[in-house]
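Reproduced below: model-v2.txt, with compact mmCIF, C-alpha atoms.
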```
# COMPACT_ATOMS: atom_id res chain seq x y z
CA MET N 1 88.06 141.01 117.03
CA LEU N 2 85.12 143.28 117.67
CA SER N 3 82.30 142.65 115.26
CA LEU N 4 82.13 145.69 112.99
CA THR N 5 79.99 146.07 109.92
CA VAL N 6 79.42 148.77 107.41
CA ALA N 7 75.73 149.11 106.61
CA ALA N 8 74.49 151.20 103.73
CA VAL N 9 71.28 152.64 105.13
CA ALA N 10 69.23 154.86 102.86
CA PHE N 11 66.49 157.09 104.22
CA ASN N 12 63.60 158.94 102.67
CA ALA N 13 65.00 162.24 101.45
CA PRO N 14 63.26 165.25 99.95
CA ALA N 15 62.55 165.18 96.24
CA MET N 16 65.41 165.86 93.83
CA ARG N 17 68.03 164.83 96.43
CA ALA N 18 70.15 161.67 96.30
CA PRO N 19 69.88 159.10 99.12
CA VAL N 20 72.33 159.64 101.97
CA ARG N 21 74.48 156.78 103.23
CA SER N 22 75.12 156.29 106.95
CA SER N 23 78.48 155.77 108.60
CA ALA N 24 79.69 152.48 110.08
CA VAL N 25 77.57 151.06 112.90
CA ARG N 26 78.76 148.80 115.69
CA MET N 27 77.10 145.45 116.11
CA ALA N 28 76.82 143.83 119.53
CA ALA N 29 79.22 140.99 120.30
CA PRO N 30 77.50 137.57 120.23
CA GLU N 31 76.52 135.86 123.48
CA ILE N 32 78.19 132.46 123.84
CA ASN N 33 77.57 130.18 126.82
CA GLY N 34 76.23 133.18 128.73
CA TRP N 35 79.33 135.30 128.00
CA THR N 36 79.42 138.46 125.92
CA TYR N 37 82.70 140.23 125.18
CA ASP N 38 83.00 143.54 127.05
CA SER N 39 86.14 145.57 126.38
CA SER N 40 85.68 147.47 129.65
CA LYS N 41 86.07 144.29 131.73
CA PHE N 42 89.17 142.29 132.60
CA VAL N 43 89.93 139.80 129.80
CA GLY N 44 86.72 140.88 128.10
CA GLY N 45 84.62 139.50 130.96
CA LEU N 46 85.70 135.86 130.50
CA PRO N 47 85.63 133.66 133.63
CA GLY N 48 88.98 133.08 135.30
CA ALA N 49 89.65 136.07 137.57
CA ILE N 50 89.60 133.75 140.56
CA SER N 51 90.44 134.55 144.18
CA PRO N 52 93.00 135.03 145.65
CA LEU N 53 94.84 136.42 142.61
CA GLY N 54 91.78 137.85 140.88
CA GLN N 55 92.66 140.11 137.95
CA PHE N 56 96.28 138.98 137.80
CA ASP N 57 98.06 140.28 134.70
CA PRO N 58 101.10 142.25 135.91
CA LEU N 59 102.72 142.38 132.46
CA GLY N 60 99.55 143.55 130.71
CA PHE N 61 99.33 140.73 128.18
CA THR N 62 95.54 141.08 127.97
CA LYS N 63 95.30 144.87 128.09
CA ASP N 64 93.53 146.61 125.20
CA LYS N 65 93.02 143.39 123.27
CA THR N 66 90.29 142.73 120.71
CA MET N 67 87.70 140.00 121.20
CA SER N 68 89.57 137.64 118.86
CA GLU N 69 92.87 138.25 120.68
CA VAL N 70 91.29 137.69 124.10
CA LYS N 71 89.68 134.47 122.90
CA ARG N 72 92.97 133.34 121.35
CA PHE N 73 94.79 133.80 124.68
CA ARG N 74 92.07 131.89 126.54
CA GLU N 75 92.06 129.14 123.92
CA ALA N 76 95.80 128.67 124.46
CA GLU N 77 95.39 128.68 128.24
CA ILE N 78 92.51 126.22 128.39
CA MET N 79 94.23 123.82 125.98
CA HIS N 80 97.44 123.90 128.02
CA CYS N 81 95.37 123.38 131.19
CA ARG N 82 93.79 120.25 129.76
CA VAL N 83 97.06 118.85 128.47
CA ALA N 84 98.69 119.52 131.85
CA MET N 85 95.90 117.76 133.75
CA LEU N 86 96.29 114.72 131.50
CA ALA N 87 100.06 114.91 131.93
CA VAL N 88 99.79 114.83 135.73
CA VAL N 89 97.77 111.63 135.48
CA GLY N 90 100.17 110.33 132.82
CA TYR N 91 103.24 110.84 134.99
CA LEU N 92 101.75 109.00 137.96
CA VAL N 93 99.92 106.22 136.13
CA GLY N 94 102.67 105.75 133.56
CA GLU N 95 105.36 105.23 136.18
CA ALA N 96 103.10 102.97 138.26
CA VAL N 97 102.26 100.77 135.24
CA ALA N 98 105.75 100.73 133.66
CA PRO N 99 106.99 97.74 135.70
CA LEU N 100 104.05 95.69 134.40
CA VAL N 101 104.78 96.11 130.69
CA GLY N 102 107.31 94.41 128.46
CA SER N 103 107.76 91.10 126.70
CA GLY N 104 104.77 88.85 127.26
CA SER N 105 102.67 91.54 128.93
CA PHE N 106 99.05 91.98 127.87
CA LEU N 107 99.26 95.71 128.71
CA ALA N 108 101.98 96.65 126.22
CA PRO N 109 104.68 94.56 124.52
CA THR N 110 107.26 97.37 124.66
CA THR N 111 109.45 97.49 127.77
CA ILE N 112 109.19 100.89 129.47
CA THR N 113 111.45 101.74 132.40
CA GLY N 114 112.68 104.70 134.41
CA PRO N 115 111.14 108.14 135.00
CA ALA N 116 108.22 109.37 132.89
CA ASN N 117 110.43 111.98 131.20
CA THR N 118 111.98 109.14 129.20
CA HIS N 119 108.84 107.12 128.41
CA LEU N 120 107.95 108.77 125.11
CA GLY N 121 111.40 108.08 123.69
CA GLN N 122 111.07 104.40 124.60
CA GLN N 123 107.90 103.84 122.55
CA ASN N 124 108.13 101.70 119.45
CA LEU N 125 107.50 103.22 116.03
CA PHE N 126 103.91 101.99 115.80
CA ALA N 127 102.88 103.46 119.17
CA PHE N 128 104.64 106.75 118.43
CA THR N 129 103.01 107.00 114.98
CA LEU N 130 99.56 106.21 116.41
CA LEU N 131 99.98 108.89 119.09
CA THR N 132 101.05 111.43 116.48
CA ILE N 133 98.00 110.68 114.31
CA VAL N 134 95.58 110.94 117.24
CA ILE N 135 97.04 114.30 118.29
CA GLY N 136 97.01 115.56 114.70
CA VAL N 137 93.37 114.60 114.14
CA GLY N 138 92.35 116.25 117.43
CA GLU N 139 94.18 119.47 116.63
CA LEU N 140 92.79 119.57 113.08
CA TYR N 141 89.24 119.16 114.40
CA ARG N 142 89.76 121.94 116.96
CA ALA N 143 91.14 124.23 114.27
CA LEU N 144 88.19 123.59 111.96
CA VAL N 145 85.65 124.22 114.73
CA GLY N 146 87.19 127.27 116.38
CA TRP N 147 89.39 129.09 113.89
CA VAL N 148 88.77 131.14 110.78
CA PRO N 149 90.58 129.55 107.78
CA PRO N 150 94.01 131.19 107.33
CA THR N 151 93.11 131.99 103.73
CA GLU N 152 90.45 134.36 105.09
CA SER N 153 92.18 135.76 108.19
CA ALA N 154 95.31 134.58 109.99
CA PHE N 155 95.28 133.78 113.72
CA THR N 156 91.59 134.63 114.12
CA ILE N 157 89.04 132.86 116.32
CA ARG N 158 85.50 132.52 115.01
CA GLU N 159 83.06 135.05 116.49
CA ASN N 160 80.59 132.38 117.59
CA TYR N 161 83.24 130.10 119.15
CA TYR N 162 83.78 129.95 122.90
CA PRO N 163 87.42 129.13 123.75
CA GLY N 164 87.77 125.43 124.47
CA ASP N 165 84.17 124.50 123.63
CA ILE N 166 84.64 122.27 120.59
CA GLY N 167 81.29 120.55 121.12
CA TRP N 168 82.74 117.28 122.46
CA ASP N 169 80.68 116.30 125.50
CA PRO N 170 79.88 112.55 125.27
CA LEU N 171 78.77 112.37 128.93
CA GLY N 172 76.55 115.45 128.75
CA LEU N 173 78.37 117.25 131.57
CA LYS N 174 78.17 120.74 130.08
CA PRO N 175 75.72 122.87 132.13
CA THR N 176 72.89 124.63 130.37
CA SER N 177 72.78 127.47 132.89
CA PRO N 178 75.26 130.34 132.20
CA ALA N 179 76.01 130.64 135.93
CA GLU N 180 76.75 126.92 136.25
CA PHE N 181 78.84 126.98 133.08
CA LYS N 182 80.92 129.87 134.47
CA SER N 183 81.44 127.97 137.73
CA MET N 184 82.55 124.83 135.87
CA GLN N 185 84.87 126.88 133.66
CA GLU N 186 86.52 128.46 136.70
CA ARG N 187 86.99 125.07 138.36
CA GLU N 188 88.58 123.74 135.19
CA LEU N 189 90.91 126.75 134.97
CA SER N 190 91.86 126.48 138.65
CA ASN N 191 92.76 122.80 138.35
CA GLY N 192 94.44 123.32 135.00
CA ARG N 193 96.64 126.17 136.20
CA LEU N 194 97.69 124.10 139.20
CA ALA N 195 98.40 121.16 136.89
CA MET N 196 100.70 123.28 134.71
CA PHE N 197 102.82 124.12 137.76
CA ALA N 198 102.70 120.48 138.90
CA VAL N 199 103.89 119.12 135.55
CA ALA N 200 106.70 121.66 135.43
CA GLY N 201 107.71 120.50 138.92
CA PHE N 202 107.51 116.82 137.95
CA CYS N 203 109.67 117.36 134.89
CA ALA N 204 112.27 119.42 136.78
CA GLN N 205 112.41 116.94 139.67
CA GLU N 206 113.12 114.01 137.35
CA ILE N 207 115.81 115.96 135.52
CA VAL N 208 117.51 116.83 138.82
CA ASN N 209 117.79 113.36 140.37
CA GLY N 210 116.86 110.97 137.53
CA LYS N 211 114.15 109.28 139.62
CA GLY N 212 110.48 108.93 138.82
CA ILE N 213 107.87 110.89 140.72
CA VAL N 214 106.30 107.73 142.10
CA GLU N 215 109.74 106.54 143.19
CA ASN N 216 110.35 109.85 144.93
CA LEU N 217 107.02 109.61 146.73
CA VAL N 218 107.53 106.08 148.08
CA ALA N 219 111.23 106.37 148.81
```

Show this structure as structure tokens.
Amino acid sequence: MLSLTVAAVAFNAPAMRAPVRSSAVRMAAPEINGWTYDSSKFVGGLPGAISPLGQFDPLGFTKDKTMSEVKRFREAEIMHCRVAMLAVVGYLVGEAVAPLVGSGSFLAPTTITGPANTHLGQQNLFAFTLLTIVIGVGELYRALVGWVPPTESAFTIRENYYPGDIGWDPLGLKPTSPAEFKSMQERELSNGRLAMFAVAGFCAQEIVNGKGIVENLVA
């Protein structure tokens, strides 16, 4: 949402006349990681209009959107990108490791077999509960960092929050230069968008023939 404020500005008036109040004034959008929202630019000027598709939005989802709405769309995209990239690794590693788990295994005591689509349902109650707690804590932290409390404003991103930047960078990989940050953001989006298609393909392939992705690759 564009940052708007109503300022009561009094000025020196002639004697015997009441002070005059000004109308609403527009405040500049904050600069975050080198980015400043610009309603005249595609998706407010956020990185992501990457060749060869460039400004690809044929259905106009991002047209005439406020800063908060644009950031909300990007927040959803970047989170799905990250989950998809982890899922790609999970499909391949999970299916490769599955034959090594089971009774007596130091990796995991629960026996996991078959394609990755079925792995979550084969987890024991403890593992499933632990996974649920970890996801819940992560999502709660992200909500507290990036979102305005729903009691104040529903579905609103904080003005000083950059989509996806929750401040978790244990290896210190985040660039300090705005240009380098933009480049890293575009690489992350490119890989994440590809990963979303890849995971959809993995899932569909396993539904079609009931075989794991690794099994399909080595067959």

*What gap, in Å, lies between CA of Ala98 in chain N and CA of Asn117 in chain N?*
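Taking CA of Ala98 in chain N and CA of Asn117 in chain N, their separation equals 12.4 Å.
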
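The residue that comes closest to Ala143 in chain N, out of N:Arg158, N:His80, N:Lys174, N:Lys63 and on the basis of only C-alpha atoms, is N:Arg158.
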
| message | Just checking: using all atoms listed in the file, which residue out of N:Thr132, N:Ala127, N:Gly94, N:Gly167 ends up closest to Gly114 in chain N? | response |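 Checking each candidate against Gly114 in chain N, we get N:Gly94 as the closest.
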
Separation of CA of Ser51 in chain N from CA of Ser190 in chain N in Å: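 Between CA of Ser190 in chain N and CA of Ser51 in chain N the gap works out to 9.9 Å.
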
Can you check which parts of range 111-157 of chain N lie within 12 Å of range 196-215 of chain N? Per residue, the shortest pair of atoms and distance in Å to one decimal, counting all atoms listed in the file, sorted by chain and number, as a Markdown table.
```
| residue | atom | partner | partner_atom | distance |
| --- | --- | --- | --- | --- |
| N:Thr113 | CA | N:Gly212 | CA | 9.7 |
| N:Gly114 | CA | N:Gly212 | CA | 6.5 |
| N:Pro115 | CA | N:Gly212 | CA | 4.0 |
| N:Ala116 | CA | N:Gly212 | CA | 6.4 |
| N:Asn117 | CA | N:Cys203 | CA | 6.6 |
| N:Thr118 | CA | N:Glu206 | CA | 9.6 |
| N:His119 | CA | N:Gly212 | CA | 10.7 |
```

Next on the checklist: Restricting the calculation to all atoms listed in the file: of N:Val93, N:Met67, N:Leu53, N:Ile78, which residue gets closest to Tyr37 in chain N?
Outcome noted: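 Selected residue with least distance to Tyr37 in chain N: N:Met67.
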
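Closest approach to Val148 in chain N among N:Asn191, N:Ala179, N:Gln55, N:Tyr161 is made by N:Tyr161 (distances from all atoms listed in the file).
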
Calculate how many Å separate CA of Tyr141 in chain N from CA of Thr176 in chain N, rounding to one decimal.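 CA of Tyr141 in chain N sits 23.5 Å away from CA of Thr176 in chain N.
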
Margin query: Quick one: residues within 12 Å of Trp168 in chain N, only C-alpha atoms, excluding same-chain residues fewer than 2 positions away - as a PyMOL selection string?
Written below: chain N and resi 138+141-142+145+164-166+170-174

Provide an axis-aligned box for all listed atoms of range 94-105 of chain N, padding each side by 4 Å; report its centre and its edge lengths in Å to one decimal, as AutoDock Vina command-line options.
```
--center_x 105.0 --center_y 97.3 --center_z 132.5 --size_x 13.5 --size_y 24.9 --size_z 19.6
```

Subject >> Residues near range 105-108 of chain N, cut-off 12 Å, all atoms listed in the file, skip fewer than 2 positions along chain, as a list in words >> reply: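 So, after excluding close chain neighbours, the residues are Gly94, Val97, Ala98, Pro99, Leu100, Val101, Gly102, Ser103, Thr110, Thr111, Ile112, Gln123, Asn124, Phe126 and Ala127 of chain N.
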
Worksheet entry | Neighbour list for Cys81 in chain N as a VMD selection string, cut-off 8 Å, all atoms listed in the file, skip fewer than 4 positions in-chain | chain N and resid 77 85 188 to 189 191 to 193 195 to 196

Original post:
Using only C-alpha atoms, which of N:Asn160, N:Ser40, N:Thr129, N:Asn33 sits nearest Trp147 in chain N?
Top reply: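 Among N:Asn160, N:Ser40, N:Thr129, N:Asn33, it is N:Asn160 that comes nearest to Trp147 in chain N.
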
**Contact residues around Ser68 in chain N with all atoms listed in the file at 12 Å, ignoring same-chain residues under 4 positions, as a ChimeraX atom specification** = /N:1-3,29,37,39,43-44,62,64,72-75,146-148,153-163

Open item on the list: I'd like to know which of N:Glu152, N:Ala87, N:Leu131, N:Lys71 is closest to Thr36 in chain N, using all atoms listed in the file.
Closed with: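 Answer, going by the shortest atom-to-atom distance: N:Lys71.
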